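Have a look at my_file14.pdb; it's PDB, C-alpha atoms:
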MODEL        1
ATOM      1  CA  ILE A 851     -11.189  12.615   6.348
ATOM      2  CA  THR A 852      -7.429  12.761   6.707
ATOM      3  CA  ILE A 853      -4.731  10.179   6.184
ATOM      4  CA  MET A 854      -4.479   9.926   9.970
ATOM      5  CA  SER A 855      -8.199   9.163  10.349
ATOM      6  CA  ILE A 856      -7.913   6.509   7.638
ATOM      7  CA  ILE A 857      -4.965   4.969   9.494
ATOM      8  CA  GLU A 858      -6.938   5.065  12.774
ATOM      9  CA  ASP A 859      -9.999   3.524  11.082
ATOM     10  CA  ASN A 860      -7.786   0.739   9.787
ATOM     11  CA  LYS A 861      -6.233   0.143  13.218
ATOM     12  CA  ASN A 862      -9.754  -0.107  14.656
ATOM     13  CA  PHE A 863     -10.671  -2.642  11.964
ATOM     14  CA  GLN A 864      -7.592  -4.767  12.697
ATOM     15  CA  SER A 865      -8.346  -4.571  16.425
ATOM     16  CA  LYS A 866     -12.057  -5.394  16.073
ATOM     17  CA  TYR A 867     -11.222  -8.716  14.435
ATOM     18  CA  GLY A 868      -8.229  -9.424  16.674
ATOM     19  CA  PHE A 869      -5.701  -9.411  13.859
ATOM     20  CA  ASP A 870      -3.404  -7.133  15.840
ATOM     21  CA  SER A 871      -3.477  -9.375  18.921
ATOM     22  CA  GLU A 872      -1.711 -12.216  17.135
ATOM     23  CA  PRO A 873       1.962 -12.225  16.167
ATOM     24  CA  MET A 874       2.512 -11.514  12.483
ATOM     25  CA  THR A 875       4.303 -14.367  10.760
ATOM     26  CA  PHE A 876       5.629 -14.863   7.276
ATOM     27  CA  ASP A 877       2.744 -17.231   6.455
ATOM     28  CA  LYS A 878       0.097 -14.783   7.689
ATOM     29  CA  LEU A 879       1.719 -11.980   5.724
ATOM     30  CA  LYS A 880       1.881 -14.250   2.674
ATOM     31  CA  PHE A 881      -1.872 -14.833   2.960
ATOM     32  CA  ARG A 882      -2.505 -11.100   3.290
ATOM     33  CA  MET A 883      -0.405 -10.511   0.171
ATOM     34  CA  SER A 884      -2.705 -12.926  -1.664
ATOM     35  CA  LEU A 885      -5.627 -10.745  -0.545
ATOM     36  CA  LEU A 886      -3.976  -7.767  -2.256
ATOM     37  CA  GLN A 887      -3.665  -9.802  -5.458
ATOM     38  CA  GLU A 888      -7.300 -10.924  -5.228
ATOM     39  CA  GLU A 889      -8.552  -7.360  -4.726
ATOM     40  CA  PHE A 890      -6.318  -6.048  -7.501
ATOM     41  CA  ASN A 891      -7.699  -8.664  -9.913
ATOM     42  CA  GLU A 892     -11.277  -7.757  -8.929
ATOM     43  CA  THR A 893     -10.528  -4.048  -9.410
ATOM     44  CA  LEU A 894      -8.948  -4.699 -12.808
ATOM     45  CA  THR A 895     -11.982  -6.765 -13.839
ATOM     46  CA  ALA A 896     -14.249  -3.902 -12.749
ATOM     47  CA  PHE A 897     -12.234  -1.518 -14.912
ATOM     48  CA  ILE A 898     -12.406  -3.818 -17.938
ATOM     49  CA  GLU A 899     -16.147  -4.288 -17.468
ATOM     50  CA  GLY A 900     -16.785  -0.597 -16.813
ATOM     51  CA  ASP A 901     -18.233  -1.323 -13.360
ATOM     52  CA  ALA A 902     -17.754   1.962 -11.484
ATOM     53  CA  GLU A 903     -19.189   0.636  -8.213
ATOM     54  CA  GLU A 904     -16.755  -2.284  -7.999
ATOM     55  CA  TRP A 905     -13.858  -0.160  -9.278
ATOM     56  CA  VAL A 906     -14.267   2.321  -6.416
ATOM     57  CA  ASP A 907     -14.848  -0.446  -3.863
ATOM     58  CA  GLY A 908     -11.786  -2.326  -5.098
ATOM     59  CA  HIS A 909      -9.489   0.654  -4.664
ATOM     60  CA  ILE A 910     -10.635   1.192  -1.091
ATOM     61  CA  ASP A 911     -10.289  -2.534  -0.335
ATOM     62  CA  LEU A 912      -6.709  -2.391  -1.649
ATOM     63  CA  LEU A 913      -5.975   0.482   0.725
ATOM     64  CA  VAL A 914      -7.568  -1.342   3.676
ATOM     65  CA  ILE A 915      -5.465  -4.443   3.072
ATOM     66  CA  ALA A 916      -2.254  -2.535   2.348
ATOM     67  CA  LEU A 917      -2.612  -0.306   5.417
ATOM     68  CA  GLY A 918      -3.505  -3.339   7.496
ATOM     69  CA  ASN A 919      -0.389  -5.128   6.297
ATOM     70  CA  LEU A 920       1.780  -2.189   7.283
ATOM     71  CA  HIS A 921       0.078  -1.818  10.663
ATOM     72  CA  LEU A 922       0.267  -5.516  11.493
ATOM     73  CA  ALA A 923       3.945  -5.536  10.497
ATOM     74  CA  GLY A 924       4.606  -2.707  12.960
ATOM     75  CA  VAL A 925       5.491  -0.093  10.356
ATOM     76  CA  ASP A 926       4.870   3.567  11.255
ATOM     77  CA  ILE A 927       2.466   4.270   8.382
ATOM     78  CA  ASP A 928       2.466   8.046   8.779
ATOM     79  CA  LYS A 929       6.270   8.142   8.691
ATOM     80  CA  ALA A 930       6.388   5.813   5.659
ATOM     81  CA  TRP A 931       3.730   7.882   3.870
ATOM     82  CA  ASN A 932       5.633  11.103   4.439
ATOM     83  CA  GLU A 933       8.873   9.595   3.139
ATOM     84  CA  VAL A 934       7.255   8.241  -0.038
ATOM     85  CA  PHE A 935       5.348  11.508  -0.545
ATOM     86  CA  ARG A 936       8.574  13.512  -0.192
ATOM     87  CA  ALA A 937      10.275  11.355  -2.805
ATOM     88  CA  ASN A 938       7.299  11.413  -5.184
ATOM     89  CA  MET A 939       6.960  15.182  -4.965
ATOM     90  CA  SER A 940      10.573  15.557  -6.116
ATOM     91  CA  LYS A 941       9.829  13.759  -9.399
ATOM     92  CA  VAL A 942       8.899  15.520 -12.638
ATOM     93  CA  ARG A 943       6.023  14.946 -15.021
ATOM     94  CA  GLY A 944       6.898  13.428 -18.374
ATOM     95  CA  VAL A 945       6.873  10.345 -20.554
ATOM     96  CA  LYS A 946       9.046   7.425 -19.518
ATOM     97  CA  PRO A 947      10.744   5.604 -22.387
ATOM     98  CA  GLY A 948       8.689   2.530 -23.161
ATOM     99  CA  ARG A 949       5.561   4.040 -21.601
ATOM    100  CA  GLU A 950       4.620   6.434 -24.357
ATOM    101  CA  GLU A 951       0.988   5.357 -23.953
ATOM    102  CA  SER A 952       0.928   7.477 -20.784
ATOM    103  CA  GLY A 953       0.715  10.582 -22.955
ATOM    104  CA  GLY A 954       2.705  12.470 -20.344
ATOM    105  CA  PHE A 955       0.488  11.241 -17.499
ATOM    106  CA  ASP A 956       3.516   9.850 -15.695
ATOM    107  CA  VAL A 957       6.186  11.043 -13.285
ATOM    108  CA  MET A 958       9.890  10.430 -13.652
ATOM    109  CA  LYS A 959      12.942  10.488 -11.435
ATOM    110  CA  PRO A 960      15.131  13.473 -12.319
ATOM    111  CA  LEU A 961      18.908  13.327 -12.187
ATOM    112  CA  GLY A 962      19.992  13.158  -8.556
ATOM    113  CA  TRP A 963      16.598  11.937  -7.342
ATOM    114  CA  GLN A 964      16.651  10.391  -3.891
ATOM    115  CA  GLY A 965      14.150   7.627  -3.273
ATOM    116  CA  PRO A 966      12.367   7.004  -0.021
ATOM    117  CA  ASP A 967      14.401   5.634   2.871
ATOM    118  CA  HIS A 968      12.541   3.297   5.207
ATOM    119  CA  SER A 969      15.685   1.805   6.778
ATOM    120  CA  ASP A 970      14.575   2.842  10.277
ATOM    121  CA  ASN A 971      10.923   1.914   9.758
ATOM    122  CA  HIS A 972      10.674  -1.798   8.997
ATOM    123  CA  GLY A 973       8.643  -2.601  12.101
ATOM    124  CA  LYS A 974       8.692  -6.382  12.592
ATOM    125  CA  LEU A 975       9.564  -7.153   8.963
ATOM    126  CA  ASP A 976      13.244  -7.880   9.516
ATOM    127  CA  ASP A 977      12.250 -10.641  11.946
ATOM    128  CA  ILE A 978       9.324 -11.820   9.799
ATOM    129  CA  PHE A 979      11.515 -12.155   6.704
ATOM    130  CA  LYS A 980      14.310 -14.058   8.490
ATOM    131  CA  LYS A 981      14.344 -17.628   7.310
TER     132      LYS A 981
ENDMDL
END

For the structure just supplied, provide its representation as structure tokens.
Amino acid sequence: ITIMSIIEDNKNFQSKYGFDSEPMTFDKLKFRMSLLQEEFNETLTAFIEGDAEEWVDGHIDLLVIALGNLHLAGVDIDKAWNEVFRANMSKVRGVKPGREESGGFDVMKPLGWQGPDHSDNHGKLDDIFKK
């Protein structure tokens, strides 16, 4: 499995249920954002309860919804992934002030770090977010 096959699987899912044949609106995107919150809460509950099955399932469900959101909003997911990955790979491992509980299991932005730039990859979001 590659990131591209995951993206294609997600596109097929969106197409099977006709989600990609309807225009994306702010209200539809708002509902889909609530799905992310619902899945996150379920995944957090699974972690707290030590339920490995639901913890794994929850993480994949979060990816399905997040990738679906990006796809339905017309964002080039592969391009966005590569930009975020580039930025993340230029960070350094360490302990962020105020997050000492990470025990060094954190990454930090070094001096001069350049974050991801998605300015040419908003898909339909600029229109969706217009009020």

Enter the distance from atom CA of His972 of chain A to atom CA of Leu920 of chain A, in Å, rounded to one decimal.
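Value for the atom CA of His972 of chain A-atom CA of Leu920 of chain A distance: 9.1 Å.
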
Residue by residue, what does the PyMOL selection byres ((chain A and resi 856) around 12) grab here? Present the result as JSON, numbers by chain.
{"A": [851, 852, 853, 854, 855, 857, 858, 859, 860, 861, 862, 863, 910, 913, 914, 916, 917, 918, 921, 927, 928]}

Atom CA of Glu889 of chain A and atom CA of Asp976 of chain A, how far apart in Å?
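Going from atom CA of Asp976 of chain A over to atom CA of Glu889 of chain A covers 26.0 Å.
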
Neighbours of Lys980 of chain A within 12 Å (only C-alpha atoms; same-chain residues fewer than 6 positions away dropped), as a ChimeraX atom specification?
/A:875-876,974

In Å, how far is it from atom CA of Ile978 of chain A to atom CA of Ala923 of chain A?
8.3 Å

For Asp956 of chain A, which of A:Val942, A:Val934, A:Val906, A:Leu885 is the closest residue, counting all atoms listed in the file?
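Checking each candidate against Asp956 of chain A, we get A:Val942 as the closest.
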